[in-house]
Number of protein chains: 2
Amino acid sequence: MALIVMKFGGSSVADAEAMLRVAQRVVSTHREGNQVAVVVSAMGDTTDDLLDLAAQITPGPPPERELDMLLSAGERISMALLAMAIERLGVPAKSFTGAQAGMVTDTSHGHARLLEVQPERVRATLDAGGVAIVAGFQGISTDDDITTLGRGGSDTTAVALAAALDADVCEIYTDVDGLYTADPRIVPTARRVTRLTIEETLEMAAHGAKILHLRAVEYARRFTVPLHVRSSFSDQEGTWILVGRPLTEDTMEEPIISGIAHDKSLGKVTAVGIPDRPGAAATVVGAVAKAGVSIDMIVQNVSTSDAETSDISFTIPEADGQTAVAAIRALQDEMGFADVLYTSHVGKLSLVGAGMRSNPSVASELFAALADAGVNIEMISTSEIRISVICDQADLERAVRAVHTAFDLDAEEQAVVYGGTGR
Amino acid sequence: MALIVMKFGGSSVADAEAMLRVAQRVVSTHREGNQVAVVVSAMGDTTDDLLDLAAQITPGPPPERELDMLLSAGERISMALLAMAIERLGVPAKSFTGAQAGMVTDTSHGHARLLEVQPERVRATLDAGGVAIVAGFQGISTDDDITTLGRGGSDTTAVALAAALDADVCEIYTDVDGLYTADPRIVPTARRVTRLTIEETLEMAAHGAKILHLRAVEYARRFTVPLHVRSSFSDQEGTWILVGRPLTEDTMEEPIISGIAHDKSLGKVTAVGIPDRPGAAATVVGAVAKAGVSIDMIVQNVSTSDAETSDISFTIPEADGQTAVAAIRALQDEMGFADVLYTSHVGKLSLVGAGMRSNPSVASELFAALADAGVNIEMISTSEIRISVICDQADLERAVRAVHTAFDLDAEEQAVVYGGTGR
């Protein structure tokens, strides 16, 4: 008997029919002799509908505490309905709010961090032979207020619950049947990856792959939770994400490159001709962070305009472009640099694979493939298991397809792609 | 400075516009220097929409625990939005779920009874100068499960909160501007009553007046909470409901009859020719109660068919007619009565007024008025401050109008009537 945490996003429970399909799946897993805890998001458009209501009430940003209270109603609806659907199939089921499931968070409304999980009631339900259904995305703060966990919150709830219950696996159900070597909407010949290390998954999630949220993957790594990303529309095995890669015969034959992530909505800011002085990069990063903008990649190099100075370039979400530029311009007098350049519409391609650690030819093969495809590289950044390049957004999809082919990742058949993903 | 609990039903917060109007009213009351706690129901059709979803998921009655979880999402939405609307107007506001407001109930899902109110967080919010908004209709059980209080639950929440906070008044906002001498939809010349004793209100609520729920009135009597029923569409004073009637000059001139309640969806069951034996009524009442049907009025009399036997008649909600008849038929052999008769479509008119205690002519005036209007009386039941008669449903509205006129209750102008009421 295994203890399994199953997580379903909003698109998996978008309407009554989808809800009943999920219930059927949960009941099958339970009838196979497993203990099952389910984490569920709000139904389909519920969150947008609630945000619309809030916008009708108040033109500015609504008070965060009350916005969390409002949004948390969404999971309450979906989890109660799912419990009803499961009971209808003859298996006892109980739904639990974030508070009832012991999801204790800090007091940062809208993007609360989990401090502790106290899953006593969930465990008691499982031990009594029932299915426990837990509201994703929400918790209760140390001040006893309702909080929400922000983007990807339901994945984080699922992984945290799995860790607290010492579950055998945390299954993340989604609208694709696993993680792919590239986004199948862009590379129709992308292949499903059967196993990934958690480090590779982290790099994929951090650099644009949208199936799993970075924060949930970080949590899974910290607490060594085995993840299984799979389709809610089929029974097929998906992608297993494990700490370390077992050296079975099967995995020894896997390619050293796991896949290609991409992110197509970035902007690039460059401060040109910064006089050489220690701490320039720290000043730049600090100013941008203070403006509330997350820096993605940052590169410093000797200036092309003057060998006595250097240039610092960084990428940021495209939507934050003007904010970031303003933050940098405000530093111009103090730091004495020549100019600030901004390029919107840049894209990032990231090649990820644990195998590249010991294979120095990967970088040169990547650059050659991009050159052959006529894609100009604007920035480069690397980690031990990843190489990212920034290019023109218009070239990005062509670049992803070219690199996918160059690294022999193409499958013989085209992947099947379904709808959108939930929160 | 007074402490005021304001309760708004679903029709008062049906959409964003209505919600903003309520917020304006709450803020005005707060700016006049009062401490304000608000109890709010789910928006307009939310409850029906959630019940529709449940019906799509499961054809039979849904599991009660999960139905409560589902329905409680409704207030969570309305109270968060109302808090946003109040904050937008510059007054700090916090919303609280039933659990957060300390509404502790028993474990009877769907019709939980309040056991205790622990309003510490509400009080702390008021003491800090903010408005506290509490979800009506819901609580947390002694097992830490979400419960709902059943019909009229939000009124009960408001009265219980007012009692726990020792509020100066509990204002019940509704779509009419107070309690009337009769339902203004039936008697256009009905007059608004400015003051009622709590006993009179109890009789009105118990016998068909729909503005206030019986349970909330009972709670108000037990904890001596002054109620003020008024319109959410006007600033006019409504009806004050107080324990005892102050003998001011004003009230001394009030008529001894407070008003006429009616109930138009009753059925009447008669067991004919029951051999005289102690306990016959108890057996009948017991069997009907066991079948889950509430008996409204019960009358026993010497049988019209045989002076050695008696007839027992009782009224029940029309929808429960067949169930009640079946329960009585099952007793026929045991009790040895001759027959069971059932009349659907009967109605009840109740004349209520503390003044009738000391005025024996009220009953005869009532019967004379009904006779003049050609209304046949099928049953009569009385309390110290009420006389109820059962008649044909088709005669009921005519009867109400005739009695209203006969007791000089008619106003010179017609009442204004608005839409429906919430939960």
# chains A, B, ... in the order shown; residues from 1 in each chain; ligands from 1
>>> closest_atom_pairs(of="chain A", to="chain B", cutoff="6 Å", atoms="only C-alpha atoms", output="Markdown table")
| residue | atom | partner | partner_atom | distance |
| --- | --- | --- | --- | --- |
| A:Ala16 | CA | B:Ile57 | CA | 5.7 |
| A:Ile57 | CA | B:Ala16 | CA | 5.7 |
| A:Glu66 | CA | B:Ala80 | CA | 5.0 |
| A:Met69 | CA | B:Ala80 | CA | 5.9 |
| A:Leu70 | CA | B:Ile77 | CA | 5.0 |
| A:Ala73 | CA | B:Ala73 | CA | 5.0 |
| A:Ile77 | CA | B:Leu70 | CA | 5.0 |
| A:Ala80 | CA | B:Glu66 | CA | 5.0 |
| A:Ala85 | CA | B:Ile57 | CA | 5.8 |
>>> write_last_selection(atoms="all heavy atoms", output="PDB file, in the first residue's frame")
ATOM      1  N   ALA A  16     -18.516  20.113 -14.224  1.00  0.00           N
ATOM      2  CA  ALA A  16     -18.982  18.913 -13.520  1.00  0.00           C
ATOM      3  C   ALA A  16     -18.444  17.640 -14.176  1.00  0.00           C
ATOM      4  O   ALA A  16     -18.023  16.702 -13.490  1.00  0.00           O
ATOM      5  CB  ALA A  16     -20.509  18.898 -13.473  1.00  0.00           C
ATOM      6  N   ILE A  57     -15.729  46.324  -7.635  1.00  0.00           N
ATOM      7  CA  ILE A  57     -15.932  46.941  -6.324  1.00  0.00           C
ATOM      8  C   ILE A  57     -14.922  48.050  -6.083  1.00  0.00           C
ATOM      9  O   ILE A  57     -15.248  49.096  -5.526  1.00  0.00           O
ATOM     10  CB  ILE A  57     -15.774  45.866  -5.208  1.00  0.00           C
ATOM     11  CG1 ILE A  57     -16.923  44.857  -5.266  1.00  0.00           C
ATOM     12  CG2 ILE A  57     -15.673  46.506  -3.841  1.00  0.00           C
ATOM     13  CD1 ILE A  57     -18.263  45.421  -4.897  1.00  0.00           C
ATOM     14  N   GLU A  66      -8.162  40.921   2.151  1.00  0.00           N
ATOM     15  CA  GLU A  66      -9.502  40.607   1.665  1.00  0.00           C
ATOM     16  C   GLU A  66      -9.456  39.903   0.311  1.00  0.00           C
ATOM     17  O   GLU A  66     -10.305  39.071   0.014  1.00  0.00           O
ATOM     18  CB  GLU A  66     -10.345  41.879   1.604  1.00  0.00           C
ATOM     19  CG  GLU A  66     -10.502  42.585   2.956  1.00  0.00           C
ATOM     20  CD  GLU A  66     -11.058  41.665   4.040  1.00  0.00           C
ATOM     21  OE1 GLU A  66     -11.898  40.795   3.734  1.00  0.00           O
ATOM     22  OE2 GLU A  66     -10.625  41.810   5.208  1.00  0.00           O
ATOM     23  N   MET A  69      -8.965  36.363   1.130  1.00  0.00           N
ATOM     24  CA  MET A  69     -10.231  35.788   1.609  1.00  0.00           C
ATOM     25  C   MET A  69     -11.132  35.459   0.429  1.00  0.00           C
ATOM     26  O   MET A  69     -11.718  34.387   0.341  1.00  0.00           O
ATOM     27  CB  MET A  69     -10.907  36.807   2.538  1.00  0.00           C
ATOM     28  CG  MET A  69     -12.211  36.353   3.130  1.00  0.00           C
ATOM     29  SD  MET A  69     -11.997  35.027   4.334  1.00  0.00           S
ATOM     30  CE  MET A  69     -11.764  36.005   5.845  1.00  0.00           C
ATOM     31  N   LEU A  70     -11.215  36.409  -0.509  1.00  0.00           N
ATOM     32  CA  LEU A  70     -12.075  36.240  -1.685  1.00  0.00           C
ATOM     33  C   LEU A  70     -11.621  35.049  -2.528  1.00  0.00           C
ATOM     34  O   LEU A  70     -12.407  34.148  -2.838  1.00  0.00           O
ATOM     35  CB  LEU A  70     -12.033  37.521  -2.523  1.00  0.00           C
ATOM     36  CG  LEU A  70     -12.875  37.531  -3.793  1.00  0.00           C
ATOM     37  CD1 LEU A  70     -14.348  37.577  -3.455  1.00  0.00           C
ATOM     38  CD2 LEU A  70     -12.504  38.716  -4.677  1.00  0.00           C
ATOM     39  N   ALA A  73     -12.167  31.313  -1.664  1.00  0.00           N
ATOM     40  CA  ALA A  73     -13.487  30.700  -1.852  1.00  0.00           C
ATOM     41  C   ALA A  73     -13.468  29.735  -3.035  1.00  0.00           C
ATOM     42  O   ALA A  73     -14.225  28.765  -3.070  1.00  0.00           O
ATOM     43  CB  ALA A  73     -14.552  31.777  -2.062  1.00  0.00           C
ATOM     44  N   ILE A  77     -15.066  25.749  -3.133  1.00  0.00           N
ATOM     45  CA  ILE A  77     -16.114  25.241  -4.017  1.00  0.00           C
ATOM     46  C   ILE A  77     -15.650  23.955  -4.697  1.00  0.00           C
ATOM     47  O   ILE A  77     -16.329  22.933  -4.671  1.00  0.00           O
ATOM     48  CB  ILE A  77     -16.490  26.319  -5.063  1.00  0.00           C
ATOM     49  CG1 ILE A  77     -17.154  27.511  -4.357  1.00  0.00           C
ATOM     50  CG2 ILE A  77     -17.380  25.754  -6.161  1.00  0.00           C
ATOM     51  CD1 ILE A  77     -17.337  28.737  -5.224  1.00  0.00           C
ATOM     52  N   ALA A  80     -15.201  20.845  -2.233  1.00  0.00           N
ATOM     53  CA  ALA A  80     -16.456  20.283  -1.725  1.00  0.00           C
ATOM     54  C   ALA A  80     -17.144  19.469  -2.813  1.00  0.00           C
ATOM     55  O   ALA A  80     -17.648  18.370  -2.575  1.00  0.00           O
ATOM     56  CB  ALA A  80     -17.371  21.391  -1.216  1.00  0.00           C
ATOM     57  N   ALA A  85     -18.417  14.180  -5.436  1.00  0.00           N
ATOM     58  CA  ALA A  85     -18.278  13.285  -6.582  1.00  0.00           C
ATOM     59  C   ALA A  85     -17.648  11.952  -6.158  1.00  0.00           C
ATOM     60  O   ALA A  85     -18.050  10.887  -6.609  1.00  0.00           O
ATOM     61  CB  ALA A  85     -17.443  13.950  -7.665  1.00  0.00           C
TER      62      ALA A  85
END
>>> select_by_dssp(residues="segment 283-334 of chain A", states="strand (DSSP E)", output="PyMOL selection string")
chain A and resi 298-302+309-317
>>> residues_around(residues="Ile390 of chain B", least_positions_apart="5", cutoff="12 Å", atoms="only C-alpha atoms", output="number ranges by chain")
B: 207, 262-268, 296-299, 313-316, 343-351, 367, 370, 375-382, 395-396, 399-400
>>> select_by_dssp(residues="segment 114-241 of chain B", states="alpha helix (DSSP H)", output="count of residues only")
40
>>> residues_around(residues="Gly102 of chain A", least_positions_apart="3", cutoff="6 Å", atoms="only C-alpha atoms", output="PDB file with N, CA, C and O atoms, in the first residue's frame")
ATOM      1  N   ALA A  99      -6.484  25.916   6.195  1.00  0.00           N
ATOM      2  CA  ALA A  99      -6.374  25.986   7.651  1.00  0.00           C
ATOM      3  C   ALA A  99      -6.609  24.611   8.275  1.00  0.00           C
ATOM      4  O   ALA A  99      -5.852  24.171   9.142  1.00  0.00           O
ATOM      5  N   VAL A 117       3.577  22.414   8.087  1.00  0.00           N
ATOM      6  CA  VAL A 117       2.370  21.680   7.696  1.00  0.00           C
ATOM      7  C   VAL A 117       2.016  20.739   8.835  1.00  0.00           C
ATOM      8  O   VAL A 117       2.864  19.968   9.287  1.00  0.00           O
ATOM      9  N   GLN A 118       0.796  20.845   9.325  1.00  0.00           N
ATOM     10  CA  GLN A 118       0.319  19.993  10.421  1.00  0.00           C
ATOM     11  C   GLN A 118      -0.836  19.143   9.891  1.00  0.00           C
ATOM     12  O   GLN A 118      -1.998  19.509  10.024  1.00  0.00           O
ATOM     13  N   PRO A 119      -0.512  17.996   9.288  1.00  0.00           N
ATOM     14  CA  PRO A 119      -1.539  17.280   8.526  1.00  0.00           C
ATOM     15  C   PRO A 119      -2.313  16.243   9.340  1.00  0.00           C
ATOM     16  O   PRO A 119      -2.767  15.248   8.799  1.00  0.00           O
TER      17      PRO A 119
END
>>> atom_distance(atom1="atom CA of Arg123 of chain B", atom2="atom CA of Ile140 of chain B")
18.5 Å
>>> closest_residue(among="A:Asp372, A:Asp45, A:Glu334, A:Asp276", to="Ala14 of chain A", atoms="only C-alpha atoms")
A:Asp45
>>> atom_distance(atom1="atom CA of Val229 of chain A", atom2="atom CA of Glu199 of chain A")
15.3 Å
>>> residues_around(residues="Thr194 of chain A", least_positions_apart="5", cutoff="9 Å", atoms="only C-alpha atoms", output="ChimeraX atom specification")
/A:178-180,237-241
>>> write_last_selection(atoms="all heavy atoms", output="mmCIF file, in the first residue's frame")
data_model
loop_
_atom_site.group_PDB
_atom_site.id
_atom_site.type_symbol
_atom_site.label_atom_id
_atom_site.label_comp_id
_atom_site.auth_asym_id
_atom_site.auth_seq_id
_atom_site.Cartn_x
_atom_site.Cartn_y
_atom_site.Cartn_z
ATOM 1 N N GLY A 178 3.332 14.826 -19.398
ATOM 2 C CA GLY A 178 4.654 14.793 -18.783
ATOM 3 C C GLY A 178 5.467 15.992 -19.224
ATOM 4 O O GLY A 178 4.934 16.946 -19.803
ATOM 5 N N LEU A 179 6.749 15.955 -18.908
ATOM 6 C CA LEU A 179 7.635 17.032 -19.348
ATOM 7 C C LEU A 179 8.247 16.620 -20.685
ATOM 8 O O LEU A 179 8.566 15.455 -20.902
ATOM 9 C CB LEU A 179 8.731 17.263 -18.305
ATOM 10 C CG LEU A 179 8.204 17.749 -16.950
ATOM 11 C CD1 LEU A 179 9.342 17.879 -15.943
ATOM 12 C CD2 LEU A 179 7.504 19.086 -17.098
ATOM 13 N N TYR A 180 8.419 17.586 -21.544
ATOM 14 C CA TYR A 180 8.890 17.325 -22.902
ATOM 15 C C TYR A 180 10.275 17.921 -23.122
ATOM 16 O O TYR A 180 10.710 18.815 -22.392
ATOM 17 C CB TYR A 180 7.891 17.902 -23.912
ATOM 18 C CG TYR A 180 6.785 16.926 -24.212
ATOM 19 C CD1 TYR A 180 5.815 16.653 -23.253
ATOM 20 C CD2 TYR A 180 6.754 16.223 -25.409
ATOM 21 C CE1 TYR A 180 4.821 15.727 -23.506
ATOM 22 C CE2 TYR A 180 5.766 15.291 -25.671
ATOM 23 C CZ TYR A 180 4.803 15.043 -24.720
ATOM 24 O OH TYR A 180 3.839 14.120 -24.980
ATOM 25 N N GLU A 237 2.009 6.545 -18.072
ATOM 26 C CA GLU A 237 3.007 7.115 -17.171
ATOM 27 C C GLU A 237 3.498 8.438 -17.744
ATOM 28 O O GLU A 237 3.606 8.599 -18.970
ATOM 29 C CB GLU A 237 4.222 6.175 -17.069
ATOM 30 C CG GLU A 237 3.963 4.882 -16.347
ATOM 31 C CD GLU A 237 4.529 4.923 -14.922
ATOM 32 O OE1 GLU A 237 5.709 5.273 -14.742
ATOM 33 O OE2 GLU A 237 3.764 4.605 -13.984
ATOM 34 N N GLY A 238 3.814 9.379 -16.867
ATOM 35 C CA GLY A 238 4.316 10.658 -17.350
ATOM 36 C C GLY A 238 5.810 10.764 -17.113
ATOM 37 O O GLY A 238 6.564 9.843 -17.442
ATOM 38 N N THR A 239 6.232 11.870 -16.519
ATOM 39 C CA THR A 239 7.646 12.073 -16.239
ATOM 40 C C THR A 239 7.883 11.961 -14.740
ATOM 41 O O THR A 239 7.213 12.625 -13.957
ATOM 42 C CB THR A 239 8.090 13.475 -16.710
ATOM 43 O OG1 THR A 239 7.827 13.595 -18.111
ATOM 44 C CG2 THR A 239 9.568 13.691 -16.426
ATOM 45 N N TRP A 240 8.817 11.095 -14.365
ATOM 46 C CA TRP A 240 9.213 10.973 -12.966
ATOM 47 C C TRP A 240 10.363 11.929 -12.686
ATOM 48 O O TRP A 240 11.307 12.016 -13.468
ATOM 49 C CB TRP A 240 9.654 9.545 -12.643
ATOM 50 C CG TRP A 240 8.499 8.595 -12.486
ATOM 51 C CD1 TRP A 240 7.867 7.905 -13.477
ATOM 52 C CD2 TRP A 240 7.849 8.246 -11.260
ATOM 53 N NE1 TRP A 240 6.855 7.146 -12.958
ATOM 54 C CE2 TRP A 240 6.825 7.327 -11.596
ATOM 55 C CE3 TRP A 240 8.025 8.608 -9.926
ATOM 56 C CZ2 TRP A 240 5.976 6.773 -10.621
ATOM 57 C CZ3 TRP A 240 7.191 8.052 -8.959
ATOM 58 C CH2 TRP A 240 6.172 7.156 -9.312
ATOM 59 N N ILE A 241 10.251 12.632 -11.566
ATOM 60 C CA ILE A 241 11.312 13.552 -11.184
ATOM 61 C C ILE A 241 11.859 13.090 -9.841
ATOM 62 O O ILE A 241 11.146 13.076 -8.835
ATOM 63 C CB ILE A 241 10.776 14.992 -11.088
ATOM 64 C CG1 ILE A 241 10.290 15.406 -12.472
ATOM 65 C CG2 ILE A 241 11.838 15.934 -10.563
ATOM 66 C CD1 ILE A 241 9.371 16.583 -12.449
#
>>> closest_residue(among="A:His228, A:Arg25, A:His213, A:Arg329", to="Ala287 of chain A", atoms="only C-alpha atoms")
A:Arg329
>>> closest_residue(among="A:Glu308, A:Glu318, A:Asp408, A:Glu32", to="Ile260 of chain A", atoms="only C-alpha atoms")
A:Asp408
